[in-house]
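In what follows, a single structure is set out as structure tokens and then discussed.
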Amino acid sequence: MGLAPFETVVASHHAEIYRYLLRLTSRSGDADDLSQETFLRAYRAWESLGDGANVRAWLFTIATNLARNYFRSESRRRRAYAGVSDVRTDVDPASPEEERRFRETRVLVERVVDGLPLKQRLAFVLRKLHDLEYEAIGRSLKCSPESARAHVFQALKKIRLGLNGHELPMMESVR
Amino acid sequence: MTAKHPSCRAIEVDLVVTATGDAESRSAERVHRHLDGCAPCREEFGRYRAVDQVARGLRAVPAPEAVAQSRAGLESRLADLRQRRVAYRIFPSPLGHILVGRSEHGIALVEYLGGGTTLRASRLGRLEGVEAVEGGPELEGLQRELIEYIGGARRDLDWTLDWRLTTSDFSRKVLQATAAIPYGAVASYAGVARRIGRPSAVRAVAQALRWNPLPIVVPCHRVIGTSGRLTGYAGDKLGLKQRLLSVEGIKLRAARRDFSVVRDAMYALDEGEVAYCLPTCGSIGTRSLAKLTLFASRESAEARGLRPCTDCRPDLHPLPAA
């Protein structure tokens, strides 16, 4: 009945989908609800999913739809971005000085990302934090891969602008 | 911001995608050639590099306990859903569209959809506590077997049944007694009532059969009135009953907007007996159908382990074949 394979779907992808939703909502309770809902929906549609389908991209599409509904409620959105964040991130700093600069930059970037128009923000997170193909991002956002690319580009430009005048952490040389 | 040189503006998009690792090799080459001669763009490139790196560092790292807890919650909801899940398949048949639903416990529902062809025509979507999901190719076998059965090419449906959609213990008893009526035989509503030890509950038996969630496989079409008339089937589907019985070789004749089984063309089994008789044996011809099971053929009687009566000898004087 296609049940055993669905358990492997949960095992392989639950943690990542949870991370994605935590990044978007900043709240572990919401990440919990939305990730469970993502998999319950996936389970219901599992039988009708074609054989060669990209399961991971499909799960991201479901999660993204749920996240968009979630943000449609404006009050939630405000709460998510002003509220206490449950998100910790990983840093691997070279020196204490570097670490401080990295953290400062991250706070700035985070602020810009959270303030992006929703589609740009989703495209950006899917691309940069989860390495999804533009094809899959387009499907998640119901737009073309080119538009998905454009959303990410706009996001990068805004982040870059948000960092004007801020000293950035040292990166390896240009080449 | 100061005005940019046109060549810098022209290369801006490629510069951003190259710095952030999204460029094809051709545009990357173009960008690097430009950077060699343009210090401001080199700096810009470095900043985008940094932006990309910081951005990738935004990956959320949830507390492992939170993830594990969420996963455990999900698993238990999935287990609950699985319990309630019925995968269904709808297909055309000589009796109109039929829906077959299977849960993890077995076949839970067989339903005539009348004129309908989708889930909307079924009660499956409206049953409380049931999670209807469209089944995949694994239900094709059920469809094939049922079609063969309806066409007479198959005599048994060896399906494991899920009785949970029966409405009460009483209904379940009625249905299980009905399931024991063999292929090619008929019994009466009153007979089923006697078999479950409730001889006066004839109407309740008829009601339970009317709401049989598993028609065909639980052969409520083999249950008729004591008058020999078919009387009813699944509400208003008498024609289907007549058809299913004819396929099994039961002889019927039209009788005022109904059909009647031809008693004197069938073998009979008296209550509590293990031998089947000719319709003319002793007082069989005048016995109430409440106490008899009628068989269309010797084969259908003997398939149940019954032997011919030693008085009337149906083995020596078989009824003429139809």
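Each chain in the structure tokens gets a letter, A, B and so on, in the order shown; residues start at 1 in every chain, and ligands are counted from 1 in the order they appear.
Within stretch 108-256 of chain B, residues classed as strand (DSSP E or B) by DSSP on backbone coordinates are Ala108, Leu109, Val110, Glu111, Tyr112, Glu131, Ala132, Val133, Glu134, Leu161, Ala185, Val186, Ala187, Ser188, Val223, Ile224, Arg229, Leu252, Arg253 and Ala254 of chain B.
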Next, the residues of the selection above should be written as a PDB file, in the first residue's frame with N, CA and C atoms.
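Output contents, as saved in selection07.pdb:
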```pdb
ATOM      1  N   ALA B 108     -12.996  -2.634   3.211  1.00  0.00           N
ATOM      2  CA  ALA B 108     -13.908  -1.981   4.152  1.00  0.00           C
ATOM      3  C   ALA B 108     -15.212  -1.555   3.484  1.00  0.00           C
ATOM      4  N   LEU B 109     -15.179  -1.365   2.180  1.00  0.00           N
ATOM      5  CA  LEU B 109     -16.369  -0.836   1.527  1.00  0.00           C
ATOM      6  C   LEU B 109     -16.433  -1.266   0.058  1.00  0.00           C
ATOM      7  N   VAL B 110     -17.623  -1.712  -0.338  1.00  0.00           N
ATOM      8  CA  VAL B 110     -17.945  -1.912  -1.754  1.00  0.00           C
ATOM      9  C   VAL B 110     -19.232  -1.126  -1.949  1.00  0.00           C
ATOM     10  N   GLU B 111     -19.261  -0.274  -2.949  1.00  0.00           N
ATOM     11  CA  GLU B 111     -20.423   0.599  -3.067  1.00  0.00           C
ATOM     12  C   GLU B 111     -20.834   0.797  -4.518  1.00  0.00           C
ATOM     13  N   TYR B 112     -22.119   0.664  -4.772  1.00  0.00           N
ATOM     14  CA  TYR B 112     -22.651   1.008  -6.092  1.00  0.00           C
ATOM     15  C   TYR B 112     -22.805   2.520  -6.140  1.00  0.00           C
ATOM     16  N   GLU B 131     -10.540   8.422   6.504  1.00  0.00           N
ATOM     17  CA  GLU B 131      -9.688   9.262   5.681  1.00  0.00           C
ATOM     18  C   GLU B 131      -9.611   8.597   4.302  1.00  0.00           C
ATOM     19  N   ALA B 132     -10.382   9.139   3.367  1.00  0.00           N
ATOM     20  CA  ALA B 132     -10.429   8.515   2.036  1.00  0.00           C
ATOM     21  C   ALA B 132      -9.273   9.018   1.187  1.00  0.00           C
ATOM     22  N   VAL B 133      -8.515   8.095   0.626  1.00  0.00           N
ATOM     23  CA  VAL B 133      -7.438   8.485  -0.286  1.00  0.00           C
ATOM     24  C   VAL B 133      -7.561   7.679  -1.565  1.00  0.00           C
ATOM     25  N   GLU B 134      -7.272   8.324  -2.657  1.00  0.00           N
ATOM     26  CA  GLU B 134      -7.355   7.623  -3.929  1.00  0.00           C
ATOM     27  C   GLU B 134      -6.257   6.571  -3.985  1.00  0.00           C
ATOM     28  N   LEU B 161     -11.801  -9.088   5.120  1.00  0.00           N
ATOM     29  CA  LEU B 161     -12.748  -7.987   5.271  1.00  0.00           C
ATOM     30  C   LEU B 161     -12.481  -7.177   6.536  1.00  0.00           C
ATOM     31  N   ALA B 185     -26.852 -20.126  -4.098  1.00  0.00           N
ATOM     32  CA  ALA B 185     -27.915 -20.477  -3.152  1.00  0.00           C
ATOM     33  C   ALA B 185     -28.637 -19.221  -2.699  1.00  0.00           C
ATOM     34  N   VAL B 186     -29.858 -19.394  -2.187  1.00  0.00           N
ATOM     35  CA  VAL B 186     -30.565 -18.261  -1.578  1.00  0.00           C
ATOM     36  C   VAL B 186     -31.165 -18.700  -0.245  1.00  0.00           C
ATOM     37  N   ALA B 187     -31.267 -17.736   0.663  1.00  0.00           N
ATOM     38  CA  ALA B 187     -31.957 -17.970   1.935  1.00  0.00           C
ATOM     39  C   ALA B 187     -32.873 -16.761   2.137  1.00  0.00           C
ATOM     40  N   SER B 188     -33.693 -16.794   3.171  1.00  0.00           N
ATOM     41  CA  SER B 188     -34.635 -15.692   3.362  1.00  0.00           C
ATOM     42  C   SER B 188     -34.195 -14.787   4.514  1.00  0.00           C
ATOM     43  N   VAL B 223     -30.254 -13.051  -0.248  1.00  0.00           N
ATOM     44  CA  VAL B 223     -31.287 -13.082   0.789  1.00  0.00           C
ATOM     45  C   VAL B 223     -32.588 -12.532   0.197  1.00  0.00           C
ATOM     46  N   ILE B 224     -33.648 -13.348   0.283  1.00  0.00           N
ATOM     47  CA  ILE B 224     -34.919 -12.980  -0.368  1.00  0.00           C
ATOM     48  C   ILE B 224     -36.058 -13.077   0.649  1.00  0.00           C
ATOM     49  N   ARG B 229     -39.990 -13.875  -3.274  1.00  0.00           N
ATOM     50  CA  ARG B 229     -39.693 -12.657  -4.043  1.00  0.00           C
ATOM     51  C   ARG B 229     -38.375 -12.048  -3.588  1.00  0.00           C
ATOM     52  N   LEU B 252     -35.234 -17.459 -11.928  1.00  0.00           N
ATOM     53  CA  LEU B 252     -36.156 -16.406 -11.475  1.00  0.00           C
ATOM     54  C   LEU B 252     -37.264 -16.234 -12.509  1.00  0.00           C
ATOM     55  N   ARG B 253     -38.406 -15.791 -12.032  1.00  0.00           N
ATOM     56  CA  ARG B 253     -39.425 -15.373 -13.002  1.00  0.00           C
ATOM     57  C   ARG B 253     -39.977 -14.021 -12.549  1.00  0.00           C
ATOM     58  N   ALA B 254     -40.419 -13.253 -13.550  1.00  0.00           N
ATOM     59  CA  ALA B 254     -40.948 -11.927 -13.256  1.00  0.00           C
ATOM     60  C   ALA B 254     -42.227 -12.061 -12.451  1.00  0.00           C
TER      61      ALA B 254
END
```
For stretch 64-69 of chain B: contacts at 9 Å, only C-alpha atoms, fewer than 2 positions along chain excluded, given as a ChimeraX atom specification:
/A:14-15,18-19,28-29,32 /B:61-62,71-74
Need to verify the contact set: A:Ser12, 12 Å, only C-alpha atoms, exclusion of same-chain residues closer than 3 positions in sequence. Can you return it as a PyMOL selection string?
(chain A and resi 5-9+15-18+39+55-56+59) or (chain B and resi 71)
Which polymer residues have any atom within 12 Å of an atom of B:Gly191, counting only C-alpha atoms, with same-chain residues fewer than 2 positions away left out, as a ChimeraX atom specification?
/B:174,177-178,181,186-189,193-203,205-206,222-226,269-272,288-294
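All residues of protein, DNA or RNA that reach within 7 Å of B:Leu113, judged by only C-alpha atoms and not counting those fewer than 4 positions away in the chain, are His97, Ile98, Leu99, Thr117, Ala121 and Ser122 of chain B.
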Quick one: write out the picked residues with C-alpha atoms as a PDB file, in the first residue's frame?
```pdb
ATOM      1  CA  HIS B  97     -19.664   2.378 -11.402  1.00  0.00           C
ATOM      2  CA  ILE B  98     -18.436   0.643  -8.301  1.00  0.00           C
ATOM      3  CA  LEU B  99     -16.167   1.911  -5.535  1.00  0.00           C
ATOM      4  CA  THR B 117     -18.371   8.191 -11.236  1.00  0.00           C
ATOM      5  CA  ALA B 121     -21.175  10.003  -5.341  1.00  0.00           C
ATOM      6  CA  SER B 122     -19.886   7.821  -2.511  1.00  0.00           C
TER       7      SER B 122
END
```
If the cut-off is 8 Å, can you tell me the residues of chain B near chain A, counting only C-alpha atoms? I'd like them as a ChimeraX atom specification.
/B:13,16-17,42,45-52,54-62,66-67,70-71,73-74,77-78,133-136,138
Å distance separating atom CA of B:Ala234 from atom CA of B:Leu95, one decimal place:
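Taking atom CA of B:Ala234 and atom CA of B:Leu95, their separation equals 12.5 Å.
Taking atom CA of A:Ala53 and atom CA of B:Leu81 as the two end points, the separation is 23.3 Å.
With atom CA of B:Pro320 on one side and atom CA of B:Asp258 on the other, the separation reads 24.6 Å.
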Which of stretch 61-158 of chain B fall in helix (DSSP H, G or I), as a ChimeraX atom specification
/B:64-84,119-121,124-126,137-151
Please produce a file of those selected residues containing N, CA and C atoms, as a compact mmCIF listing (two decimals), in the first residue's frame.
```
# COMPACT_ATOMS: atom_id res chain seq x y z
N PRO B 64 18.14 19.59 18.86
CA PRO B 64 17.82 18.22 18.44
C PRO B 64 16.58 17.66 19.14
N GLU B 65 16.39 18.03 20.42
CA GLU B 65 15.21 17.52 21.14
C GLU B 65 13.93 18.02 20.47
N ALA B 66 13.96 19.29 20.01
CA ALA B 66 12.76 19.85 19.40
C ALA B 66 12.41 19.10 18.12
N VAL B 67 13.44 18.76 17.35
CA VAL B 67 13.19 18.03 16.10
C VAL B 67 12.67 16.63 16.41
N ALA B 68 13.32 15.99 17.39
CA ALA B 68 12.91 14.63 17.74
C ALA B 68 11.48 14.61 18.25
N GLN B 69 11.14 15.61 19.03
CA GLN B 69 9.79 15.69 19.58
C GLN B 69 8.75 15.88 18.47
N SER B 70 9.10 16.77 17.54
CA SER B 70 8.20 17.02 16.42
C SER B 70 8.03 15.75 15.58
N ARG B 71 9.12 15.06 15.39
CA ARG B 71 9.09 13.81 14.61
C ARG B 71 8.20 12.78 15.31
N ALA B 72 8.36 12.67 16.63
CA ALA B 72 7.55 11.70 17.38
C ALA B 72 6.07 12.05 17.27
N GLY B 73 5.75 13.34 17.38
CA GLY B 73 4.37 13.79 17.24
C GLY B 73 3.82 13.42 15.87
N LEU B 74 4.64 13.65 14.87
CA LEU B 74 4.25 13.33 13.50
C LEU B 74 3.98 11.83 13.34
N GLU B 75 4.90 11.02 13.85
CA GLU B 75 4.74 9.56 13.71
C GLU B 75 3.42 9.09 14.33
N SER B 76 3.08 9.67 15.47
CA SER B 76 1.86 9.17 16.11
C SER B 76 0.62 9.64 15.33
N ARG B 77 0.68 10.86 14.77
CA ARG B 77 -0.45 11.30 13.94
C ARG B 77 -0.56 10.46 12.68
N LEU B 78 0.59 10.08 12.12
CA LEU B 78 0.56 9.24 10.92
C LEU B 78 -0.02 7.87 11.22
N ALA B 79 0.33 7.34 12.39
CA ALA B 79 -0.19 6.02 12.77
C ALA B 79 -1.71 6.09 12.90
N ASP B 80 -2.19 7.17 13.49
CA ASP B 80 -3.63 7.36 13.64
C ASP B 80 -4.31 7.47 12.27
N LEU B 81 -3.68 8.24 11.41
CA LEU B 81 -4.22 8.44 10.06
C LEU B 81 -4.28 7.10 9.31
N ARG B 82 -3.23 6.31 9.49
CA ARG B 82 -3.14 5.02 8.80
C ARG B 82 -4.29 4.11 9.22
N GLN B 83 -4.61 4.18 10.52
CA GLN B 83 -5.73 3.40 11.04
C GLN B 83 -7.04 3.76 10.34
N ARG B 84 -7.18 5.05 10.04
CA ARG B 84 -8.46 5.55 9.53
C ARG B 84 -8.50 5.61 8.01
N LEU B 119 -15.74 10.22 -6.26
CA LEU B 119 -15.88 10.06 -4.81
C LEU B 119 -17.10 10.81 -4.29
N ARG B 120 -17.47 11.87 -5.00
CA ARG B 120 -18.61 12.67 -4.53
C ARG B 120 -19.90 11.85 -4.48
N ALA B 121 -19.97 10.83 -5.32
CA ALA B 121 -21.18 10.00 -5.34
C ALA B 121 -21.16 8.95 -4.23
N LEU B 124 -18.24 7.30 1.19
CA LEU B 124 -16.92 7.19 1.81
C LEU B 124 -16.38 8.55 2.26
N GLY B 125 -16.54 9.56 1.40
CA GLY B 125 -16.02 10.88 1.72
C GLY B 125 -16.74 11.55 2.88
N ARG B 126 -17.93 11.02 3.22
CA ARG B 126 -18.72 11.67 4.27
C ARG B 126 -18.70 10.90 5.59
N PRO B 137 -2.23 1.63 -8.21
CA PRO B 137 -2.39 0.39 -8.98
C PRO B 137 -2.55 -0.86 -8.12
N GLU B 138 -2.22 -0.74 -6.81
CA GLU B 138 -2.33 -1.94 -5.97
C GLU B 138 -3.78 -2.38 -5.79
N LEU B 139 -4.74 -1.53 -6.18
CA LEU B 139 -6.15 -1.93 -6.06
C LEU B 139 -6.71 -2.50 -7.38
N GLU B 140 -5.86 -2.54 -8.39
CA GLU B 140 -6.32 -3.06 -9.69
C GLU B 140 -6.76 -4.51 -9.61
N GLY B 141 -6.06 -5.29 -8.78
CA GLY B 141 -6.39 -6.71 -8.63
C GLY B 141 -7.82 -6.88 -8.13
N LEU B 142 -8.23 -6.03 -7.19
CA LEU B 142 -9.59 -6.11 -6.63
C LEU B 142 -10.61 -5.83 -7.73
N GLN B 143 -10.31 -4.82 -8.52
CA GLN B 143 -11.22 -4.47 -9.62
C GLN B 143 -11.37 -5.66 -10.56
N ARG B 144 -10.26 -6.27 -10.93
CA ARG B 144 -10.29 -7.38 -11.88
C ARG B 144 -11.12 -8.53 -11.32
N GLU B 145 -10.87 -8.86 -10.04
CA GLU B 145 -11.58 -10.00 -9.44
C GLU B 145 -13.08 -9.73 -9.37
N LEU B 146 -13.42 -8.51 -9.02
CA LEU B 146 -14.84 -8.19 -8.89
C LEU B 146 -15.55 -8.25 -10.25
N ILE B 147 -14.89 -7.75 -11.27
CA ILE B 147 -15.47 -7.79 -12.62
C ILE B 147 -15.64 -9.24 -13.07
N GLU B 148 -14.62 -10.05 -12.80
CA GLU B 148 -14.73 -11.48 -13.15
C GLU B 148 -15.92 -12.11 -12.42
N TYR B 149 -16.06 -11.75 -11.17
CA TYR B 149 -17.13 -12.31 -10.35
C TYR B 149 -18.50 -11.92 -10.90
N ILE B 150 -18.65 -10.64 -11.20
CA ILE B 150 -19.93 -10.16 -11.71
C ILE B 150 -20.27 -10.83 -13.04
N GLY B 151 -19.23 -11.13 -13.83
CA GLY B 151 -19.45 -11.76 -15.12
C GLY B 151 -19.61 -13.27 -15.03
```
Near B:Thr160, within 10 Å and counting only C-alpha atoms, which residues show up once chain neighbours fewer than 5 positions away are dropped, as an MDAnalysis selection string?
chainID B and resid 102 105:108
